[in-house]
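This report concerns only the one structure given below.
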Amino acid sequence: MAVLKVEGLKLVYGAGTSFEKTALSDVSFSVNEGEFIGIIGHTGSGKSTLVQLLNGLLKPTAGTVELYGKNIWKEPKKIRQVRFKVGMVFQYPEYQLFEETVYKDIAFGPANMGLFEEEIDKKVRAAAEFAGLKEELLEKSPFDLSGGEKRRAAIAGVMAMDPDVLILDEPTAGLDPLGRDALLSQIQSYHEVRKNTVILVSHSMEDIARMADRVLVMNKGKKEMFDTTENIFSQGKTLEKMGLRVPQITRIMLLLREKGIPVDTGVLTVEQGFREIMHHMALLS
Amino acid sequence: MSAFIEVKDLFFRYEEAENTPFALDGVNLTIDKGSFVAIVGHNGSGKSTLAKHFNSLYLPTTGDVLVEGMNTKDDEHLFDIRKSVGLVLQNPDNQIVAGIVEEDVAFGCENLGIPPKEIRQRVDEALRAVDMYEYRRHSPDKLSGGQKQRIAIAGIIAMEPVCIVLDEPTAMLDPQGRDEVIQTIQKLNREKGITIILITHYMEEAVLADRVVMIDSGKVFLDGTPREVFANVGLLKQHRLDVPQATELNAKLRNCGFDLPECVLGEEECAEALFRLLKPAGKEDIPTEE
Amino acid sequence: MVRDITLGQFLPGHSFIHKMDARAKILLLMAIVVFIFVAGNYVSLLMMTIVSLLIVLMTRIKFRMYLKSMKVILFVIIFTGLINVFYGSGEVLWEWQFIRITWGGIHNAIFVIIRIITLVMVSSVLTFTTSPSDLTDAIERLLKPLKIFHVKVHEIAMMMTIALRFIPVLLEETDKIMNAQKARGADMESGGIIRRVKALMPVLIPLFVSSFRRANDLAMAMECRCYNGGNGRTRMKVLHFSWRDLAAAIFLLLTFAGVIVCNIFVPAVM
């Protein structure tokens with residue numbers, strides 16, 4: 001069943017002024033319940049605009065966003081309810097922390113939902129666990145945490161609202177390799193346990209390739225491709241033409257192919273590359 | 001090449017208290033003039049703390065840092081040191097002072113009391129060197145992250161430093177911006193002979209340096225050419241660092257007993273090595289398809 | 001949103017006015033403002049209005065931009081206009097005591113409205129045609145004599161430069177933080193005053209924290225570039241008066257003389 005369905009979405013910033021700019025035009029697609037969707041595209045491709053339309057932070061100039069078959073702008077007064085169901089983690093989310101303690105900050109979302117104390121408590125603790133925050137950090141001031149912990153606390157603040165769809169915009173930006181890997185596997189396990197829909201926006205194809213079922217490629221404010229992860233990434237050349245960076249391992253495979261070795265070019269991780277080469281070695285002997 | 005920066009038995013802790021751990025724990029390092037050195041390490045390894053010692057923003061708790069023989073602890077050399085060692089920070093937004101690109105680039109020269117005509121020349125030259133000359137009259141807030149970072153670099157170049165230290169200059173940029181910045185610093189190193197110290201955790205960037213220094217918990221663990229350092233795939237991973245995918249794949253296959261070089265760096269080198277392994281027997285070299 | 005405001009914005013160009021010295025522009029603007037108020041009758045006010053329009057034309061900036069900056073203070077214009085119509089005493093028009101009070105009010109209103117409009121126009125000319133840094137630079141130099149009274153002129157100018165540089169950055173950041181908190185269900189649009197102020201905390205606190213972080217970074221970046229206050233500092237741009245400034249000054253002096261003559265020989269009413 002489709003959780004989100006987008007049709008003919010268009011967004012024009014500053015309509016009618018000299019600064020008029022079409023950020024998005026004619027985007028249609030739908031996302032199924034429990035899917036993990038990756039969105040890629042370079043800066044200015046419209047991907048950030050798109051996700052802000054999905055949870056009603058921006059209102060489309062034309063077109064509709066449907067959540068469970070219902071237009072989210074049908075009752076503009078209830079748009080907050082949409083935002084609780086479609087949770088959004090912005091880029092560098094640690095800059096939104098403001099409460100005295102990490103616990104209170106994570107509780108901000110659930111409290112806005114008007115939940116009871118015990119329910120909030122349950123959600124906060126569950127979210128903290130999903131985000132990999134240790135229990136003892138909850139009573140600390142968010143400003144005393146390390147960079148990586150702050151990021152987790154902020155993500156927990158959105159997870160705590162228990163949204164049906166969780167959108168993350170570049171959640172790993174600025175993290176070092178270990179921090180990045182840890183965060184991604186936490187998101188993965190959150191997705192597996194909760195079985196809800198996750199939309200991950202990223203520049204990093206490696207990250208997307210590792211996690212997404214389907215990938216949406218945005219280019220110049222338009223939907224360029226929307227297909228399964230393997231199908232998208234086997235078209236390395238097309239992606240490079242759009243100014244997207246394919247992983248180094250994919251480029252190695254593309255080079256080998258040019259040299260006449262019939263390797264699979266849909267390889268995205270070192271592990272896959274290793275298996276692919278081993279497979280060819282076996283064929284040789 | 002001669003020693004430009006010498007770090008001798010450097011210990012540093014943020015607080016005076018005796019029991020706090022050292023952020024830098026006995027670092028010895030010599031940086032040659034004209035070289036391109038990458039300092040790698042995970043977040044919190046001490047690499048940024050070290051960077052701030054090179055132009056006396058931080059002073060050693062014990063030990064010394066010498067820039068062209070001048071001790072960074074020496075107050076009278078402060079401006080000479082900062083003139084010859086420029087520092088570019090991570091966040092491109094927070095280091096631009098003026099509201100017009102060229103005026104920001106001029107800021108450092110103005111502080112040095114250089115005559116107006118010469119500032120003009122230096123600013124134009126610096127902006128050309130980072131390929132931002134056509135944006136000289138723009139306001140920085142409409143530029144991309146990569147462009148802003150190049151403006152920050154131009155502001156340092158205009159002061160005609162011997163060395164530029166870049167503290168994770170690409171951490172907040174998108175892939176395109178990252179490329180722009182890296183290409184710019186490579187060019188400065190090659191064409192102008194400016195010494196580059198690049199602090200980063202992106203291994204694809206470190207590969208481009210002449211020398212890679214890996215630090216963790218304030219100590220130097222590895223120091224050598226990229227080829228020497230990246231041969232230690234296991235050790236790098238232990239210290240929470242990545243290895244370029246090409247290097248990792250090569251190492252993995254080599255561990256299985258295949259006849260591969262000890263260390264490969266770029267994708268072309270890796271593809272070449274794999275090709276030699278995989279090419280059909282009998283044929284010597286297939287001409288590459290165009 | 002906030003970024004659509006044109007008042008105080010710089011629009012680069014190559015007109016006569018753009019090329020004038022910023023100090024000259026400030027001083028002449030101040031003189032024009034004084035004379036807009038000195039102009040006591042329609043003839044002299046018309047003179048000042050025509051001169052102002054002429055200056056606006058000379059900037060070669062689309063008139064629409066001026067209208068936009070007018071829009072921001074439209075309310076002020078209408079409000080003061082009305083006040084003057086209703087409360088206009090006949091002081092200035094003592095010759096017609098009788099019907100005259102209302103007439104006086106209307107005259108007053110017209111005068112005030114024209115004055116405000118011309119005022120906004122000429123001040124827009126200054127900000128439209130002068131880069132913020134030229135402006136602060138000019139202010140720094142004009143205020144230099146105050147140094148003998150221990151006024152920290154350089155520091156004030158530097159603060160203005162930095163403020164101008166970071167206003168757009170902070171506006172954008174405010175937007176981002178607001179969106180992030182809205183995404184967590186923050187409700188900033190309803191409730192009484194106390195609730196609204198409380199609802200602002202999730203935006204203000206992060207904004208504060210990030211401003212401090214930025215200030216810290218900026219201070220470090222400035223130190224790295226050998227900033228050491230105003231002593232021994234040179235400037236890349238040297239401001240110097242040119243024939244343009246002289247021409248503008250002479251032209252305006254003639255106008256001002258005209259206004260004074262008008263004020264003396266034409267009665268203060270029509």
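Ordered as shown in the structure tokens, chains take letters A, B, and onward, while each chain numbers its residues from 1 and ligands are numbered from 1 in the order shown.
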
Interface rows for chain C against chain A: nearest pair, Å to one decimal, 9 Å, only C-alpha atoms, as a tab-separated table:
```
residue	atom	partner	partner_atom	distance
C:Met1	CA	A:Gly14	CA	8.4
C:Asp4	CA	A:Gly14	CA	8.6
C:Lys176	CA	A:Phe90	CA	8.5
C:Ile177	CA	A:Gln96	CA	5.9
C:Met178	CA	A:Gln96	CA	8.7
C:Asn179	CA	A:Leu57	CA	6.8
C:Ala180	CA	A:Phe90	CA	6.5
C:Gln181	CA	A:Gln96	CA	7.2
C:Lys182	CA	A:Leu57	CA	7.7
C:Ala183	CA	A:Arg83	CA	5.6
C:Arg184	CA	A:Gly109	CA	4.7
C:Gly185	CA	A:Asn112	CA	5.6
C:Ala186	CA	A:Asn112	CA	6.5
C:Asp187	CA	A:Asn112	CA	8.0
C:Met201	CA	A:Phe98	CA	7.9
C:Pro202	CA	A:Phe98	CA	5.8
C:Val203	CA	A:Gln96	CA	7.6
C:Leu204	CA	A:Phe98	CA	8.5
C:Ile205	CA	A:Phe98	CA	5.6
C:Pro206	CA	A:Phe98	CA	5.6
C:Leu207	CA	A:Tyr95	CA	8.2
C:Val209	CA	A:Tyr95	CA	8.3
C:Ser210	CA	A:Tyr95	CA	7.2
```

Notebook entry, point to check: Excluding same-chain residues fewer than 5 positions from Thr234 in chain C, what lies within 10 Å of it counting only C-alpha atoms, as a PyMOL selection string?
Noted result: chain B and resi 106-107+109-116+119

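Taking only C-alpha atoms into account, chain C lies nearest to B:Gln95 out of the set B:Ser139, B:Asn232, B:Thr195, B:Gln95.
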
Next item on the list: Do me a favour and pick out the residues of chain B within 9 Å of chain C, using only C-alpha atoms, as a PyMOL selection string.
Entry: chain B and resi 55-57+78-79+82-83+85-89+91+93-100+103+106-120+123+137+139-141+155-156+159

Next item on the list: Mind giving me the straight-line distance from CA of Val34 in chain C to CA of Leu254 in chain C in Å, one decimal?
Entry: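 Straight-line distance from CA of Val34 in chain C to CA of Leu254 in chain C works out to 14.8 Å.
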
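Those residues that approach Thr130 in chain C to within 9 Å, counting only C-alpha atoms, are Phe10, Leu11, Pro12, Ile17, His18, Lys19, Met20, Asp21, Ala22, Lys25, Val125, Leu126, Asp134 and Leu135 of chain C; same-chain residues fewer than 4 positions away are not listed.
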
N, CA, C and O atoms of the current selection, written as an mmCIF file, in the first residue's frame:
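Wrote it out as part.cif, contents follow:
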```cif
data_model
loop_
_atom_site.group_PDB
_atom_site.id
_atom_site.type_symbol
_atom_site.label_atom_id
_atom_site.label_comp_id
_atom_site.auth_asym_id
_atom_site.auth_seq_id
_atom_site.Cartn_x
_atom_site.Cartn_y
_atom_site.Cartn_z
ATOM 1 N N PHE C 10 22.028 46.642 -1.354
ATOM 2 C CA PHE C 10 22.967 47.255 -2.299
ATOM 3 C C PHE C 10 22.751 46.663 -3.694
ATOM 4 O O PHE C 10 22.685 45.460 -3.855
ATOM 5 N N LEU C 11 22.577 47.526 -4.687
ATOM 6 C CA LEU C 11 22.385 47.056 -6.059
ATOM 7 C C LEU C 11 23.537 47.577 -6.918
ATOM 8 O O LEU C 11 23.535 48.739 -7.309
ATOM 9 N N PRO C 12 24.526 46.726 -7.179
ATOM 10 C CA PRO C 12 25.727 47.182 -7.893
ATOM 11 C C PRO C 12 25.392 47.794 -9.255
ATOM 12 O O PRO C 12 24.414 47.409 -9.888
ATOM 13 N N ILE C 17 26.042 58.150 -9.826
ATOM 14 C CA ILE C 17 25.849 58.108 -8.375
ATOM 15 C C ILE C 17 26.643 56.959 -7.753
ATOM 16 O O ILE C 17 27.250 57.107 -6.694
ATOM 17 N N HIS C 18 26.662 55.813 -8.425
ATOM 18 C CA HIS C 18 27.431 54.680 -7.909
ATOM 19 C C HIS C 18 28.899 55.060 -7.747
ATOM 20 O O HIS C 18 29.568 54.612 -6.827
ATOM 21 N N LYS C 19 29.372 55.874 -8.688
ATOM 22 C CA LYS C 19 30.804 56.176 -8.700
ATOM 23 C C LYS C 19 31.189 57.293 -7.738
ATOM 24 O O LYS C 19 32.371 57.562 -7.540
ATOM 25 N N MET C 20 30.183 57.946 -7.165
ATOM 26 C CA MET C 20 30.517 59.035 -6.235
ATOM 27 C C MET C 20 31.164 58.496 -4.968
ATOM 28 O O MET C 20 30.985 57.337 -4.601
ATOM 29 N N ASP C 21 31.901 59.342 -4.304
ATOM 30 C CA ASP C 21 32.529 58.972 -3.042
ATOM 31 C C ASP C 21 31.448 58.785 -1.971
ATOM 32 O O ASP C 21 30.523 59.595 -1.863
ATOM 33 N N ALA C 22 31.586 57.709 -1.205
ATOM 34 C CA ALA C 22 30.553 57.397 -0.218
ATOM 35 C C ALA C 22 30.412 58.505 0.830
ATOM 36 O O ALA C 22 29.311 58.815 1.271
ATOM 37 N N LYS C 25 28.417 61.175 -0.592
ATOM 38 C CA LYS C 25 27.012 60.791 -0.647
ATOM 39 C C LYS C 25 26.329 60.959 0.706
ATOM 40 O O LYS C 25 25.222 61.462 0.789
ATOM 41 N N VAL C 125 18.599 55.737 -2.362
ATOM 42 C CA VAL C 125 19.675 55.994 -3.312
ATOM 43 C C VAL C 125 21.019 55.692 -2.643
ATOM 44 O O VAL C 125 21.862 55.009 -3.206
ATOM 45 N N LEU C 126 21.156 56.137 -1.411
ATOM 46 C CA LEU C 126 22.425 55.915 -0.716
ATOM 47 C C LEU C 126 22.711 54.425 -0.551
ATOM 48 O O LEU C 126 23.790 53.955 -0.896
ATOM 49 N N ASP C 134 31.653 50.095 1.730
ATOM 50 C CA ASP C 134 31.970 51.503 1.456
ATOM 51 C C ASP C 134 31.274 52.397 2.460
ATOM 52 O O ASP C 134 31.819 53.400 2.928
ATOM 53 N N LEU C 135 30.057 52.007 2.779
ATOM 54 C CA LEU C 135 29.247 52.799 3.690
ATOM 55 C C LEU C 135 29.887 52.850 5.078
ATOM 56 O O LEU C 135 30.080 53.922 5.649
#
```

Next item on the list: May I have the residues of chain B within 8 Å of chain A, counting only C-alpha atoms, written as a PyMOL selection string?
Entry: chain B and resi 42-43+171-172+174-175+201+240-242+244-246+248-249+252-253+267-268+270-272+274-275+278-280+286-289

Checklist line | DSSP-assigned alpha helix (DSSP H) members of range 156-190 of chain C, reported as a list in words | finding: Ile156, Ala157, Met158, Met159, Met160, Thr161, Ile162, Ala163, Leu164, Arg165, Phe166, Ile167, Pro168, Val169, Leu170, Leu171, Glu172, Glu173, Thr174, Asp175, Lys176, Ile177, Met178, Asn179, Ala180, Gln181, Lys182 and Ala183 of chain C

Using only C-alpha atoms, which residues sit within 9 Å of Ser185 in chain A once same-chain residues fewer than 5 positions away are excluded, as a tab-separated table (two decimals) with N, CA and C atoms, in the first residue's frame?
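So out-v2.tsv came out as:
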```
chain	number	residue	atom	x	y	z
A	180	ARG	N	29.82	7.70	10.94
A	180	ARG	CA	28.91	7.51	9.83
A	180	ARG	C	28.38	6.08	9.82
A	190	TYR	N	16.61	0.54	13.13
A	190	TYR	CA	15.34	1.21	13.42
A	190	TYR	C	14.32	0.84	12.36
A	211	MET	N	21.68	0.79	1.79
A	211	MET	CA	20.46	0.72	2.58
A	211	MET	C	19.16	0.71	1.81
```

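CA of Glu68 in chain B is found 9.9 Å from CA of Asp80 in chain B.
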
Check: Do you know which residues are at most 12 Å from Lys195 in chain A counting only C-alpha atoms, after dropping those on the same chain fewer than 2 positions away, and could you put them as number ranges by chain?
Finding: A: 32-36, 162-166, 187-193, 197-198

Item checked: Every residue of range 186-253 of chain A that DSSP places in strand (DSSP E), as a PyMOL selection string -> chain A and resi 197-201+214-219+222-228

Next item on the list: Would you list the contacts of Ile78 in chain C as a PyMOL selection string, taking every protein, DNA or RNA residue within 12 Å and counting only C-alpha atoms, but skipping same-chain residues closer than 4 positions in sequence?
Entry: chain C and resi 70-74+82-85+109-110+112-114+116-117
